[in-house]
file entry_11.txt (compact mmCIF, C-alpha atoms)
# COMPACT_ATOMS: atom_id res chain seq x y z
CA MET H 14 -140.45 -20.20 47.48
CA LYS H 15 -140.55 -16.69 48.91
CA THR H 16 -137.11 -17.18 50.49
CA LYS H 17 -135.64 -18.39 47.20
CA PHE H 18 -137.05 -15.35 45.39
CA ILE H 19 -135.59 -12.98 47.98
CA ASN H 20 -132.22 -14.74 47.75
CA PHE H 21 -132.37 -14.41 43.97
CA LEU H 22 -132.98 -10.66 44.25
CA LYS H 23 -130.08 -10.35 46.69
CA LEU H 24 -127.88 -12.29 44.28
CA VAL H 25 -128.68 -10.20 41.21
CA PHE H 26 -129.10 -6.73 42.70
CA PRO H 27 -127.12 -4.70 45.27
CA SER H 28 -127.78 -6.12 48.73
CA THR H 29 -125.56 -3.86 50.88
CA TYR H 30 -125.02 -0.11 51.05
CA THR H 31 -121.55 -0.51 49.54
CA GLU H 32 -122.90 -2.50 46.60
CA LEU H 33 -125.62 0.12 46.16
CA ALA H 34 -122.97 2.86 46.11
CA VAL H 35 -121.03 0.97 43.41
CA PHE H 36 -124.25 0.53 41.43
CA LEU H 37 -125.22 4.20 41.68
CA PHE H 38 -121.75 5.43 40.75
CA PHE H 39 -121.53 3.39 37.57
CA ILE H 40 -125.14 3.83 36.53
CA VAL H 41 -124.65 7.60 36.69
CA CYS H 42 -121.39 7.44 34.70
CA TYR H 43 -122.67 5.04 32.06
CA GLY H 44 -126.13 6.62 32.10
CA ILE H 45 -124.86 10.09 31.24
CA LEU H 46 -122.74 8.66 28.42
CA GLY H 47 -125.50 6.49 26.95
CA SER H 48 -128.23 9.10 27.33
CA TYR H 49 -126.21 11.77 25.55
CA ILE H 50 -125.39 9.40 22.67
CA ALA H 51 -129.00 8.22 22.36
CA LEU H 52 -130.49 11.72 22.34
CA HIS H 53 -127.95 13.43 20.10
CA TYR H 54 -126.89 10.70 17.65
CA ARG H 55 -128.54 7.86 15.75
CA ILE H 56 -125.64 5.41 16.03
CA ILE H 57 -127.29 3.16 18.66
CA PHE H 58 -130.13 2.34 16.29
CA ASP H 59 -130.75 3.40 12.71
CA SER H 60 -133.30 1.30 10.80
CA ARG H 61 -131.22 1.74 7.63
CA ILE H 62 -128.03 0.29 9.16
CA PRO H 63 -128.26 -3.45 9.94
CA TRP H 64 -124.64 -3.96 11.06
CA ASP H 65 -121.13 -2.53 11.43
CA ALA H 66 -121.91 1.09 12.36
CA TYR H 67 -119.28 0.81 15.07
CA PHE H 68 -116.87 -1.97 16.00
CA SER H 69 -118.83 -4.65 14.06
CA PHE H 70 -121.80 -4.69 16.42
CA ASP H 71 -125.08 -5.68 14.74
CA ASN H 72 -127.53 -3.55 16.70
CA LYS H 73 -130.45 -3.47 14.26
CA SER H 74 -130.01 -7.07 13.17
CA ILE H 75 -129.90 -8.31 16.77
CA LEU H 76 -132.87 -6.21 17.88
CA MET H 77 -135.08 -7.21 14.96
CA THR H 78 -134.18 -10.90 14.59
CA GLY H 79 -131.98 -11.89 17.55
CA GLY H 80 -129.10 -12.59 15.15
CA SER H 81 -128.22 -15.76 13.28
CA PHE H 82 -129.80 -18.84 14.86
CA GLU H 83 -126.65 -20.99 14.60
CA ARG H 84 -124.68 -18.60 16.82
CA HIS H 85 -127.52 -17.11 18.89
CA PRO H 86 -130.05 -19.95 19.15
CA LEU H 87 -132.61 -18.42 21.50
CA SER H 88 -131.83 -14.70 21.42
CA TYR H 89 -134.74 -14.18 19.00
CA TYR H 90 -137.22 -14.55 21.86
CA PHE H 91 -135.19 -12.44 24.27
CA PHE H 92 -134.76 -9.50 21.90
CA ASN H 93 -138.42 -9.61 20.94
CA TRP H 94 -139.11 -8.58 24.55
CA ILE H 95 -136.39 -5.92 24.48
CA ARG H 96 -137.68 -4.45 21.22
CA GLU H 97 -141.36 -4.51 22.22
CA PHE H 98 -140.63 -2.95 25.62
CA SER H 99 -138.58 -0.18 23.99
CA LEU H 100 -141.34 0.46 21.44
CA PHE H 101 -143.89 0.60 24.26
CA ILE H 102 -141.85 3.28 26.04
CA SER H 103 -141.34 5.26 22.81
CA GLY H 104 -144.99 5.04 21.74
CA GLY H 105 -144.26 2.68 18.86
CA LYS H 106 -141.67 4.95 17.23
CA MET H 107 -138.04 4.06 16.60
CA ASP H 108 -136.89 7.53 17.55
CA ALA H 109 -134.64 9.11 20.19
CA ASN H 110 -136.84 7.75 23.00
CA PHE H 111 -136.51 4.27 21.52
CA ARG H 112 -132.73 4.64 21.47
CA LEU H 113 -132.74 6.08 24.98
CA THR H 114 -134.65 3.07 26.32
CA LEU H 115 -132.25 0.68 24.62
CA ALA H 116 -129.29 2.59 26.02
CA TRP H 117 -130.67 2.53 29.56
CA LEU H 118 -131.41 -1.19 29.42
CA SER H 119 -127.79 -1.74 28.41
CA ASN H 120 -126.63 0.72 31.07
CA ILE H 121 -128.47 -1.13 33.84
CA ILE H 122 -127.25 -4.55 32.70
CA ILE H 123 -123.59 -3.52 32.44
CA THR H 124 -123.79 -1.77 35.82
CA LEU H 125 -125.21 -4.96 37.35
CA ASN H 126 -122.29 -6.80 35.75
CA ILE H 127 -119.92 -4.45 37.59
CA VAL H 128 -121.79 -5.18 40.83
CA GLN H 129 -121.42 -8.94 40.27
CA VAL H 130 -117.66 -8.59 39.90
CA PHE H 131 -117.55 -6.41 43.02
CA LYS H 132 -119.54 -9.02 44.96
CA TYR H 133 -117.19 -11.76 43.83
CA VAL H 134 -114.06 -9.83 44.78
CA LYS H 135 -115.52 -8.74 48.13
CA ASN H 136 -117.36 -11.89 49.19
CA ILE H 137 -115.59 -14.80 47.49
CA ILE H 138 -111.99 -13.56 47.34
CA GLN H 139 -112.64 -11.48 50.49
CA LEU H 140 -110.32 -8.60 49.69
CA PRO H 141 -110.38 -5.38 51.74
CA LEU H 142 -113.02 -2.85 50.65
CA TRP H 143 -110.53 -0.28 49.32
CA LEU H 144 -108.85 -2.92 47.16
CA SER H 145 -112.16 -4.28 45.90
CA LEU H 146 -113.12 -0.75 44.87
CA LEU H 147 -109.81 -0.22 43.05
CA ILE H 148 -110.26 -3.45 41.09
CA VAL H 149 -113.86 -2.67 40.19
CA LEU H 150 -112.96 0.88 39.08
CA PHE H 151 -110.24 -0.62 36.91
CA PHE H 152 -112.75 -3.08 35.45
CA GLY H 153 -115.36 -0.38 34.92
CA ALA H 154 -113.00 1.57 32.66
CA PHE H 155 -112.51 -1.39 30.27
CA ALA H 156 -113.38 -0.64 26.65
CA THR H 157 -115.91 -3.49 26.57
CA ASN H 158 -117.88 -2.12 29.52
CA ILE H 159 -117.84 1.42 28.15
CA ILE H 160 -119.09 0.42 24.69
CA LEU H 161 -121.60 -2.19 25.86
CA SER H 162 -123.07 0.25 28.39
CA PHE H 163 -125.05 1.83 25.52
CA THR H 164 -125.03 -1.00 22.95
CA PRO H 165 -128.14 -3.23 22.56
CA GLU H 166 -126.36 -6.45 21.61
CA ASN H 167 -126.03 -10.10 22.66
CA PHE H 168 -122.64 -9.37 24.23
CA THR H 169 -124.17 -6.87 26.65
CA TYR H 170 -126.47 -9.40 28.26
CA THR H 171 -124.04 -12.30 27.93
CA LEU H 172 -121.41 -10.42 29.95
CA PHE H 173 -123.85 -9.88 32.80
CA LEU H 174 -125.14 -13.47 32.75
CA LEU H 175 -121.64 -14.95 32.74
CA SER H 176 -120.42 -12.77 35.61
CA LEU H 177 -123.63 -13.54 37.54
CA TYR H 178 -123.32 -17.28 36.98
CA ASN H 179 -119.66 -17.31 37.98
CA TYR H 180 -120.52 -15.56 41.24
CA TYR H 181 -123.45 -17.90 41.87
CA ALA H 182 -121.34 -21.01 41.17
CA ALA H 183 -118.56 -19.66 43.42
CA ILE H 184 -121.05 -19.28 46.28
CA LYS H 185 -122.28 -22.85 45.79
CA LEU H 186 -118.74 -24.22 45.79
CA ARG H 187 -117.82 -22.23 48.90
CA LYS H 188 -120.83 -23.69 50.70
CA GLU H 189 -119.99 -27.14 49.25
CA GLU H 190 -123.45 -27.33 47.70
CA LYS H 191 -124.54 -28.72 44.35
CA ILE H 192 -125.75 -26.46 41.55
CA PRO H 193 -129.42 -27.52 41.15
CA ALA H 194 -130.63 -28.92 37.83
CA THR H 195 -133.07 -25.99 37.49
CA ALA H 196 -130.31 -23.40 37.92
CA LEU H 197 -128.05 -25.32 35.55
CA SER H 198 -130.77 -25.56 32.92
CA LEU H 199 -131.70 -21.89 33.28
CA ALA H 200 -128.05 -20.87 32.94
CA GLY H 201 -127.63 -23.08 29.88
CA ILE H 202 -130.74 -21.70 28.21
CA THR H 203 -129.93 -18.03 28.87
CA ILE H 204 -126.13 -18.05 28.46
CA GLY H 205 -125.97 -20.64 25.67
CA GLY H 206 -129.16 -19.31 24.11
CA LEU H 207 -127.63 -15.88 23.59
CA THR H 208 -124.33 -17.27 22.25
CA ILE H 209 -123.95 -21.00 21.75
CA THR H 210 -120.16 -21.12 22.31
CA ASN H 211 -120.74 -20.12 25.93
CA PHE H 212 -122.98 -23.13 26.60
CA VAL H 213 -120.08 -25.35 27.67
CA LYS H 214 -118.97 -22.80 30.29
CA VAL H 215 -122.10 -23.50 32.33
CA PHE H 216 -120.86 -27.01 33.16
CA ILE H 217 -117.30 -26.14 34.18
CA PRO H 218 -118.14 -25.58 37.90
CA LEU H 219 -119.58 -29.12 38.10
CA ILE H 220 -116.07 -30.53 37.69
CA PHE H 221 -115.05 -28.92 40.97
CA GLU H 222 -117.97 -29.95 43.15
CA LYS H 223 -116.77 -31.76 46.27
CA GLY H 224 -116.26 -35.51 45.82
CA ILE H 225 -117.43 -35.49 42.21
CA PHE H 226 -114.70 -37.93 41.11
CA THR H 227 -114.50 -39.98 44.30
CA SER H 228 -118.16 -40.95 44.57
CA TRP H 229 -120.12 -42.69 41.82
CA LYS H 230 -123.33 -41.35 43.33
CA LYS H 231 -122.15 -37.73 43.15
CA PHE H 232 -120.71 -38.23 39.66
CA GLY H 233 -123.97 -39.76 38.47
CA ASN H 234 -126.00 -36.96 40.02
CA ALA H 235 -123.85 -34.30 38.32
CA THR H 236 -124.13 -36.15 35.00
CA LEU H 237 -127.91 -36.33 35.34
CA ARG H 238 -128.14 -32.59 36.06
CA ALA H 239 -125.98 -31.87 33.03
CA ILE H 240 -128.06 -34.15 30.80
CA ILE H 241 -131.28 -32.44 31.91
CA ALA H 242 -129.79 -29.02 31.07
CA VAL H 243 -128.57 -30.24 27.67
CA ILE H 244 -131.93 -31.80 26.78
CA CYS H 245 -133.81 -28.61 27.74
CA PHE H 246 -131.48 -26.53 25.61
CA ILE H 247 -131.60 -28.86 22.60
CA LEU H 248 -135.39 -29.08 22.61
CA LEU H 249 -135.76 -25.29 22.74
CA TYR H 250 -133.10 -24.89 20.05
CA LEU H 251 -134.76 -27.40 17.71
CA ASN H 252 -138.17 -25.84 18.31
CA ARG H 253 -136.67 -22.46 17.34
CA ILE H 254 -135.67 -23.84 13.90
CA ASP H 255 -138.73 -26.07 13.41
CA PHE H 256 -136.55 -29.15 14.00
CA LYS H 257 -134.64 -28.59 10.73
CA TYR H 258 -131.35 -29.53 12.39
CA GLN H 259 -129.49 -29.88 9.06
CA ASN H 260 -129.49 -26.08 8.83
CA ILE H 261 -127.34 -25.84 11.96
CA PHE H 262 -124.39 -27.63 10.37
CA SER H 263 -124.57 -25.90 6.99
CA LYS H 264 -124.91 -22.42 8.52
CA THR H 265 -122.18 -23.08 11.10
CA ASN H 266 -119.72 -24.10 8.38
CA GLN H 267 -120.58 -20.97 6.38
CA GLN H 268 -120.03 -18.74 9.38
CA TYR H 269 -116.73 -20.39 10.27
CA GLU H 270 -115.41 -20.00 6.73
CA LYS H 271 -116.52 -16.38 6.63
CA PHE H 272 -115.04 -15.29 9.97
CA SER H 273 -111.87 -17.39 10.24
CA ASN H 274 -110.02 -16.75 6.99
CA VAL H 275 -109.01 -13.10 7.29
CA GLU H 276 -105.32 -12.68 6.39
CA SER H 277 -105.04 -8.89 6.26
CA MET H 278 -103.14 -8.58 9.56
CA PRO H 279 -100.49 -10.64 11.38
CA THR H 280 -102.09 -13.25 13.62
CA TRP H 281 -99.93 -12.42 16.64
CA ASP H 282 -100.86 -8.74 16.36
CA MET H 283 -104.58 -9.45 16.12
CA ILE H 284 -104.30 -11.66 19.21
CA LEU H 285 -102.55 -8.95 21.24
CA SER H 286 -104.26 -5.85 19.84
CA PHE H 287 -107.78 -7.22 19.49
CA PHE H 288 -108.38 -10.33 21.58
CA PHE H 289 -106.32 -9.49 24.67
CA GLY H 290 -106.09 -5.73 24.29
CA GLY H 291 -108.94 -4.15 22.35
CA ASN H 292 -111.62 -5.22 24.80
CA ILE H 293 -109.75 -3.40 27.59
CA LEU H 294 -107.55 -0.65 26.14
CA PHE H 295 -108.90 1.17 23.08
CA PRO H 296 -106.48 1.31 20.15
CA SER H 297 -106.83 3.96 17.46
CA PHE H 298 -109.79 3.75 15.07
CA ILE H 299 -110.16 3.40 11.33
CA MET H 300 -113.19 4.28 9.20
CA SER H 301 -114.66 2.28 6.38
CA ASP H 302 -117.24 2.95 3.70
CA LYS H 303 -120.21 0.60 4.18
CA HIS H 304 -123.61 0.03 2.55
CA ASN H 305 -126.75 -1.81 3.63
CA MET H 306 -127.17 -3.79 0.39
CA LYS H 307 -130.22 -1.62 -0.41
CA GLY H 308 -128.59 1.54 -1.69
CA PHE H 309 -127.83 3.33 1.58
CA ASN H 310 -124.18 4.22 2.21
CA PHE H 311 -122.78 4.92 5.66
CA LYS H 312 -119.52 5.07 7.59
CA GLY H 313 -118.35 2.23 9.79
CA LEU H 314 -115.79 2.46 12.59
CA TYR H 315 -113.30 -0.29 13.44
CA MET H 316 -110.45 -0.72 15.87
CA ASP H 317 -106.95 -0.64 14.43
CA LEU H 318 -103.86 -2.48 15.63
CA TYR H 319 -101.86 -0.77 18.37
CA SER H 320 -99.44 1.72 16.85
CA SER H 321 -96.98 2.35 19.71
CA ALA H 322 -95.06 0.30 22.26
CA ILE H 323 -96.96 1.54 25.34
CA PRO H 324 -100.27 -0.31 24.65
CA TYR H 325 -98.38 -3.54 23.97
CA PHE H 326 -96.50 -3.00 27.23
CA PHE H 327 -99.83 -2.45 29.03
CA VAL H 328 -101.29 -5.67 27.62
CA ALA H 329 -98.10 -7.60 28.41
CA ILE H 330 -98.14 -6.47 32.06
CA LEU H 331 -101.81 -7.41 32.44
CA LEU H 332 -101.19 -10.84 30.89
CA ILE H 333 -98.25 -11.35 33.24
CA LEU H 334 -100.47 -10.48 36.22
CA ILE H 335 -103.25 -12.93 35.28
CA SER H 336 -100.77 -15.67 34.36
CA TRP H 337 -98.97 -15.09 37.65
CA SER H 338 -102.30 -15.32 39.45
CA TYR H 339 -103.14 -18.62 37.73
CA PHE H 340 -99.87 -20.35 38.59
CA LYS H 341 -99.77 -18.90 42.12
CA ASN H 342 -103.33 -20.16 42.75
CA PHE H 343 -103.05 -23.33 40.68
CA LYS H 344 -104.74 -25.49 43.33
CA ASN H 345 -107.56 -23.00 43.80
CA LYS H 346 -110.75 -24.41 42.22
CA TRP H 347 -112.30 -20.96 41.71
CA VAL H 348 -109.25 -19.84 39.73
CA GLN H 349 -109.35 -23.03 37.67
CA ILE H 350 -113.01 -22.43 36.78
CA ILE H 351 -112.27 -18.87 35.64
CA THR H 352 -109.22 -19.91 33.63
CA ILE H 353 -110.87 -22.88 31.92
CA SER H 354 -113.75 -20.61 30.92
CA PHE H 355 -111.23 -18.14 29.47
CA ALA H 356 -109.43 -20.99 27.68
CA VAL H 357 -112.63 -21.78 25.76
CA ASP H 358 -112.54 -18.31 24.18
CA ILE H 359 -108.79 -18.48 23.55
CA ILE H 360 -109.25 -21.73 21.63
CA ILE H 361 -112.20 -20.42 19.60
CA HIS H 362 -110.68 -17.06 18.63
CA CYS H 363 -106.90 -17.42 18.85
CA VAL H 364 -106.41 -21.08 17.88
CA MET H 365 -109.38 -21.63 15.56
CA ARG H 366 -109.18 -17.95 14.49
CA PHE H 367 -112.95 -17.48 14.47
CA GLY H 368 -113.62 -13.74 14.29
CA LEU H 369 -110.03 -12.96 15.30
CA HIS H 370 -109.92 -9.84 13.11
CA THR H 371 -112.76 -8.34 15.19
CA SER H 372 -112.18 -10.25 18.42
CA TYR H 373 -112.35 -7.01 20.42
CA ILE H 374 -116.15 -7.32 20.27
CA TYR H 375 -116.05 -10.71 21.99
CA GLY H 376 -114.88 -9.22 25.29
CA GLY H 377 -118.44 -9.68 26.52
CA HIS H 378 -117.67 -13.40 26.74
CA PHE H 379 -114.61 -13.21 28.95
CA VAL H 380 -113.54 -9.72 30.02
CA PHE H 381 -114.77 -10.26 33.60
CA VAL H 382 -111.97 -12.83 33.98
CA TYR H 383 -109.29 -10.12 34.26
CA PRO H 384 -110.45 -8.40 37.48
CA LEU H 385 -111.21 -11.76 39.11
CA LEU H 386 -107.75 -13.18 38.40
CA VAL H 387 -106.13 -9.93 39.52
CA GLY H 388 -108.18 -10.19 42.70
CA TRP H 389 -106.98 -13.75 43.30
CA LEU H 390 -103.39 -12.58 42.82
CA PHE H 391 -103.85 -10.09 45.65
CA PHE H 392 -105.39 -12.88 47.72
CA ALA H 393 -102.30 -15.04 47.22
CA TYR H 394 -100.11 -12.30 48.74
CA ARG H 395 -102.50 -11.10 51.44
CA SER H 396 -99.90 -11.89 54.13
CA SER H 397 -97.12 -9.96 52.41
CA PRO H 398 -97.47 -6.16 52.84
CA LYS H 399 -94.59 -5.46 50.44
CA MET H 400 -96.10 -7.53 47.62
CA MET H 401 -99.53 -6.06 48.30
CA SER H 402 -98.09 -2.55 47.98
CA PHE H 403 -96.21 -3.47 44.81
CA LEU H 404 -99.28 -5.03 43.16
CA THR H 405 -101.47 -2.10 44.22
CA PHE H 406 -98.99 0.31 42.65
CA ILE H 407 -98.97 -1.68 39.39
CA VAL H 408 -102.76 -1.84 39.17
CA ALA H 409 -103.07 1.86 40.02
CA ILE H 410 -100.64 2.75 37.21
CA LEU H 411 -102.49 0.50 34.76
CA PHE H 412 -105.81 2.02 35.80
CA THR H 413 -104.53 5.58 35.37
CA TYR H 414 -103.19 4.90 31.87
CA LEU H 415 -106.32 2.95 30.94
CA LEU H 416 -108.61 5.77 32.03
CA ILE H 417 -106.65 8.49 30.20
CA ASN H 418 -106.35 6.42 27.02
CA ASN H 419 -110.01 5.36 26.92
CA ILE H 420 -111.30 8.89 27.58
CA PHE H 421 -109.12 10.16 24.74
CA ARG H 422 -110.37 7.43 22.38
CA MET H 423 -113.98 8.08 23.34
CA ALA H 424 -113.44 11.70 22.33
CA GLU H 425 -112.48 10.37 18.89
CA PHE H 426 -115.61 8.23 18.91
CA PHE H 427 -117.70 11.36 19.59
CA TRP H 428 -115.97 13.12 16.69
CA PHE H 429 -117.02 10.20 14.46
CA MET H 430 -120.63 10.42 15.62
CA GLU H 431 -120.67 14.20 15.30
CA ASN H 432 -119.59 13.97 11.68
CA TYR H 433 -121.54 10.93 10.46
CA TYR H 434 -124.38 10.10 12.85
CA GLN H 435 -126.12 13.38 13.67
call {"tool": "encode", "arguments": {"input": "entry_11.txt", "output": "structure tokens"}}
result
Amino acid sequence: MKTKFINFLKLVFPSTYTELAVFLFFIVCYGILGSYIALHYRIIFDSRIPWDAYFSFDNKSILMTGGSFERHPLSYYFFNWIREFSLFISGGKMDANFRLTLAWLSNIIITLNIVQVFKYVKNIIQLPLWLSLLIVLFFGAFATNIILSFTPENFTYTLFLLSLYNYYAAIKLRKEEKIPATALSLAGITIGGLTITNFVKVFIPLIFEKGIFTSWKKFGNATLRAIIAVICFILLYLNRIDFKYQNIFSKTNQQYEKFSNVESMPTWDMILSFFFGGNILFPSFIMSDKHNMKGFNFKGLYMDLYSSAIPYFFVAILLILISWSYFKNFKNKWVQIITISFAVDIIIHCVMRFGLHTSYIYGGHFVFVYPLLVGWLFFAYRSSPKMMSFLTFIVAILFTYLLINNIFRMAEFFWFMENYYQ
């Protein structure tokens, strides 16, 4: 038991000096950003603003209730702990110290997410250290990581849990070991409990366990593990809603109708600017007049469609790189797991159009896929110095533009806070 606990700590937290250096670098960067915002502005949490202060995140709603039960089945319990811990630190007041605690919890979680991606690139893909650092710096500058580093939301914790589980599953597959029923159930409860659409992703690695489709015994064992995880999740979910399962279907239909019928923008542009682009490269912002249904008016900030050719070109190049990686590594089971997981989100948001008009906020469900697929592309050409140099040059250019653009857009975000959230 002691060995398992130590291995768990090594899995979740930095376990080498290099991983510790990555952790410290990003926790300082994100920590300075989040601390300044928490201490000088009320945008992270304002008891009068339940949703939509910035980029459609529901900070107050999530912290107080865990969000709607049909989309976030078990997050109620999780955010009760987050809220109570933050109130304990702030002495029971929802003040600057309360916001600072929330920001630092988000900061730590997103930094650990960065560490998980670094571990995967370094230990599973086994890229050189300098290249692993380049990829993780590129990933760290993504819009989703920057925003979630101070945002107390489901997406913040989901991003970490998904990147952690993908790394854990990759280790198991590399060792040709089964994912235990306990780990599978825990992953289902935490990942699916925070956002139900991610529940199916937990079972994707099972498909690629060795001999799963050539041995009835192995297939039956995997099925049994999956059934145990599903039963655990369903029982906890039903207990959360007092076994009134009819509410799940009625609420789900309401949510789908509400978030899938927005026709204000071209579908193709929302897919490129929001789903594929907005969670990585900030577009420009637009403001909106909002109210809390109780007489309090406030300003909300949303992402706009890209307004010049360069961002579209950036997104196109990145999509070419990850598509290239997929086809080049088609027989690679780790790449298939990552891509199938990504396909789940593409179907939900781009095909079914659920939340497509604000799909930039859903990056917490899939944004870790980009650095991993880019890493696998480098792996495919590890024996070709010319291709390695070419790909390194491309990623370095993308990283440079990404960093400049996102710093500029964050300056606009600070202007917004300075004017409306003092």
call {"tool": "closest_residue", "arguments": {"input": "entry_11.txt", "among": "H:Val408, H:Leu37, H:Met107, H:Ile359", "to": "Arg55 in chain H", "atoms": "all atoms listed in the file"}}
result
H:Met107
call {"tool": "closest_residue", "arguments": {"input": "entry_11.txt", "among": "H:Val41, H:Met400, H:Ile220, H:Ile335", "to": "Ala235 in chain H", "atoms": "all atoms listed in the file"}}
result
H:Ile220
call {"tool": "closest_atom_pairs", "arguments": {"input": "entry_11.txt", "of": "range 90-193 of chain H", "to": "range 58-80 of chain H", "cutoff": "12 Å", "atoms": "all atoms listed in the file", "output": "Markdown table"}}
result
| residue | atom | partner | partner_atom | distance |
| --- | --- | --- | --- | --- |
| H:Tyr90 | CA | H:Gly79 | CA | 7.3 |
| H:Phe91 | CA | H:Gly79 | CA | 7.5 |
| H:Phe92 | CA | H:Leu76 | CA | 5.5 |
| H:Asn93 | CA | H:Leu76 | CA | 7.2 |
| H:Trp94 | CA | H:Leu76 | CA | 9.4 |
| H:Ile95 | CA | H:Leu76 | CA | 7.5 |
| H:Arg96 | CA | H:Leu76 | CA | 6.1 |
| H:Glu97 | CA | H:Leu76 | CA | 9.7 |
| H:Phe98 | CA | H:Leu76 | CA | 11.4 |
| H:Ser99 | CA | H:Leu76 | CA | 10.3 |
| H:Leu100 | CA | H:Leu76 | CA | 11.4 |
| H:Lys106 | CA | H:Ser60 | CA | 11.2 |
| H:Met107 | CA | H:Ser60 | CA | 8.0 |
| H:Asp108 | CA | H:Phe58 | CA | 8.6 |
| H:Ala109 | CA | H:Phe58 | CA | 9.0 |
| H:Asn110 | CA | H:Phe58 | CA | 10.9 |
| H:Phe111 | CA | H:Phe58 | CA | 8.5 |
| H:Arg112 | CA | H:Phe58 | CA | 6.2 |
| H:Leu113 | CA | H:Phe58 | CA | 9.8 |
| H:Thr114 | CA | H:Phe58 | CA | 11.0 |
| H:Leu115 | CA | H:Phe58 | CA | 8.8 |
| H:Ala116 | CA | H:Phe58 | CA | 9.8 |
| H:Ser119 | CA | H:Asn72 | CA | 11.9 |
| H:Ala156 | CA | H:Phe68 | CA | 11.3 |
| H:Thr157 | CA | H:Phe68 | CA | 10.7 |
| H:Ile160 | CA | H:Phe68 | CA | 9.3 |
| H:Leu161 | CA | H:Phe70 | CA | 9.8 |
| H:Phe163 | CA | H:Phe58 | CA | 10.5 |
| H:Thr164 | CA | H:Asn72 | CA | 7.2 |
| H:Pro165 | CA | H:Asn72 | CA | 5.9 |
| H:Glu166 | CA | H:Asn72 | CA | 5.8 |
| H:Asn167 | CA | H:Ile75 | CA | 7.3 |
| H:Phe168 | CA | H:Phe70 | CA | 9.1 |
| H:Thr169 | CA | H:Phe70 | CA | 10.7 |
call {"tool": "closest_atom_pairs", "arguments": {"input": "entry_11.txt", "of": "range 114-144 of chain H", "to": "range 177-180 of chain H", "cutoff": "9 Å", "atoms": "all atoms listed in the file", "output": "tab-separated table"}}
result
residue	atom	partner	partner_atom	distance
H:Leu125	CA	H:Leu177	CA	8.7
H:Asn126	CA	H:Leu177	CA	7.1
H:Gln129	CA	H:Leu177	CA	5.8
H:Val130	CA	H:Tyr180	CA	7.7
H:Lys132	CA	H:Tyr180	CA	7.6
H:Tyr133	CA	H:Tyr180	CA	5.7
H:Ile137	CA	H:Tyr180	CA	8.0
call {"tool": "write_last_selection", "arguments": {"input": "entry_11.txt", "atoms": "C-alpha atoms", "output": "compact mmCIF listing (two decimals), in the coordinates of the input"}}
result
# COMPACT_ATOMS: atom_id res chain seq x y z
CA LEU H 125 -125.21 -4.96 37.35
CA ASN H 126 -122.29 -6.80 35.75
CA GLN H 129 -121.42 -8.94 40.27
CA VAL H 130 -117.66 -8.59 39.90
CA LYS H 132 -119.54 -9.02 44.96
CA TYR H 133 -117.19 -11.76 43.83
CA ILE H 137 -115.59 -14.80 47.49
call {"tool": "closest_residue", "arguments": {"input": "entry_11.txt", "among": "H:Ser48, H:Tyr433, H:Ser162, H:Gly105", "to": "Asn310 in chain H", "atoms": "all atoms listed in the file"}}
result
H:Tyr433
call {"tool": "decode", "arguments": {"input": "entry_11.txt", "residues": "range 419-426 of chain H", "atoms": "N, CA, C and O atoms", "output": "PDB file, in the first residue's frame"}}
result
ATOM      1  N   ASN H 419      -0.948  36.371 -27.578  1.00  0.00           N
ATOM      2  CA  ASN H 419      -1.668  36.159 -26.322  1.00  0.00           C
ATOM      3  C   ASN H 419      -1.291  37.171 -25.242  1.00  0.00           C
ATOM      4  O   ASN H 419      -2.119  37.538 -24.413  1.00  0.00           O
ATOM      5  N   ILE H 420      -0.057  37.649 -25.250  1.00  0.00           N
ATOM      6  CA  ILE H 420       0.326  38.733 -24.328  1.00  0.00           C
ATOM      7  C   ILE H 420      -0.437  40.008 -24.674  1.00  0.00           C
ATOM      8  O   ILE H 420      -0.947  40.711 -23.795  1.00  0.00           O
ATOM      9  N   PHE H 421      -0.530  40.302 -25.965  1.00  0.00           N
ATOM     10  CA  PHE H 421      -1.254  41.488 -26.420  1.00  0.00           C
ATOM     11  C   PHE H 421      -2.732  41.403 -26.020  1.00  0.00           C
ATOM     12  O   PHE H 421      -3.320  42.380 -25.525  1.00  0.00           O
ATOM     13  N   ARG H 422      -3.343  40.235 -26.231  1.00  0.00           N
ATOM     14  CA  ARG H 422      -4.762  40.071 -25.895  1.00  0.00           C
ATOM     15  C   ARG H 422      -4.989  40.120 -24.387  1.00  0.00           C
ATOM     16  O   ARG H 422      -6.020  40.617 -23.924  1.00  0.00           O
ATOM     17  N   MET H 423      -4.046  39.601 -23.618  1.00  0.00           N
ATOM     18  CA  MET H 423      -4.186  39.678 -22.162  1.00  0.00           C
ATOM     19  C   MET H 423      -4.103  41.115 -21.668  1.00  0.00           C
ATOM     20  O   MET H 423      -4.721  41.482 -20.661  1.00  0.00           O
ATOM     21  N   ALA H 424      -3.355  41.948 -22.392  1.00  0.00           N
ATOM     22  CA  ALA H 424      -3.328  43.378 -22.062  1.00  0.00           C
ATOM     23  C   ALA H 424      -4.727  43.977 -22.247  1.00  0.00           C
ATOM     24  O   ALA H 424      -5.168  44.819 -21.449  1.00  0.00           O
ATOM     25  N   GLU H 425      -5.425  43.545 -23.289  1.00  0.00           N
ATOM     26  CA  GLU H 425      -6.809  43.988 -23.506  1.00  0.00           C
ATOM     27  C   GLU H 425      -7.719  43.477 -22.397  1.00  0.00           C
ATOM     28  O   GLU H 425      -8.641  44.177 -21.969  1.00  0.00           O
ATOM     29  N   PHE H 426      -7.461  42.269 -21.944  1.00  0.00           N
ATOM     30  CA  PHE H 426      -8.248  41.698 -20.854  1.00  0.00           C
ATOM     31  C   PHE H 426      -8.046  42.518 -19.573  1.00  0.00           C
ATOM     32  O   PHE H 426      -9.007  42.772 -18.831  1.00  0.00           O
TER      33      PHE H 426
END
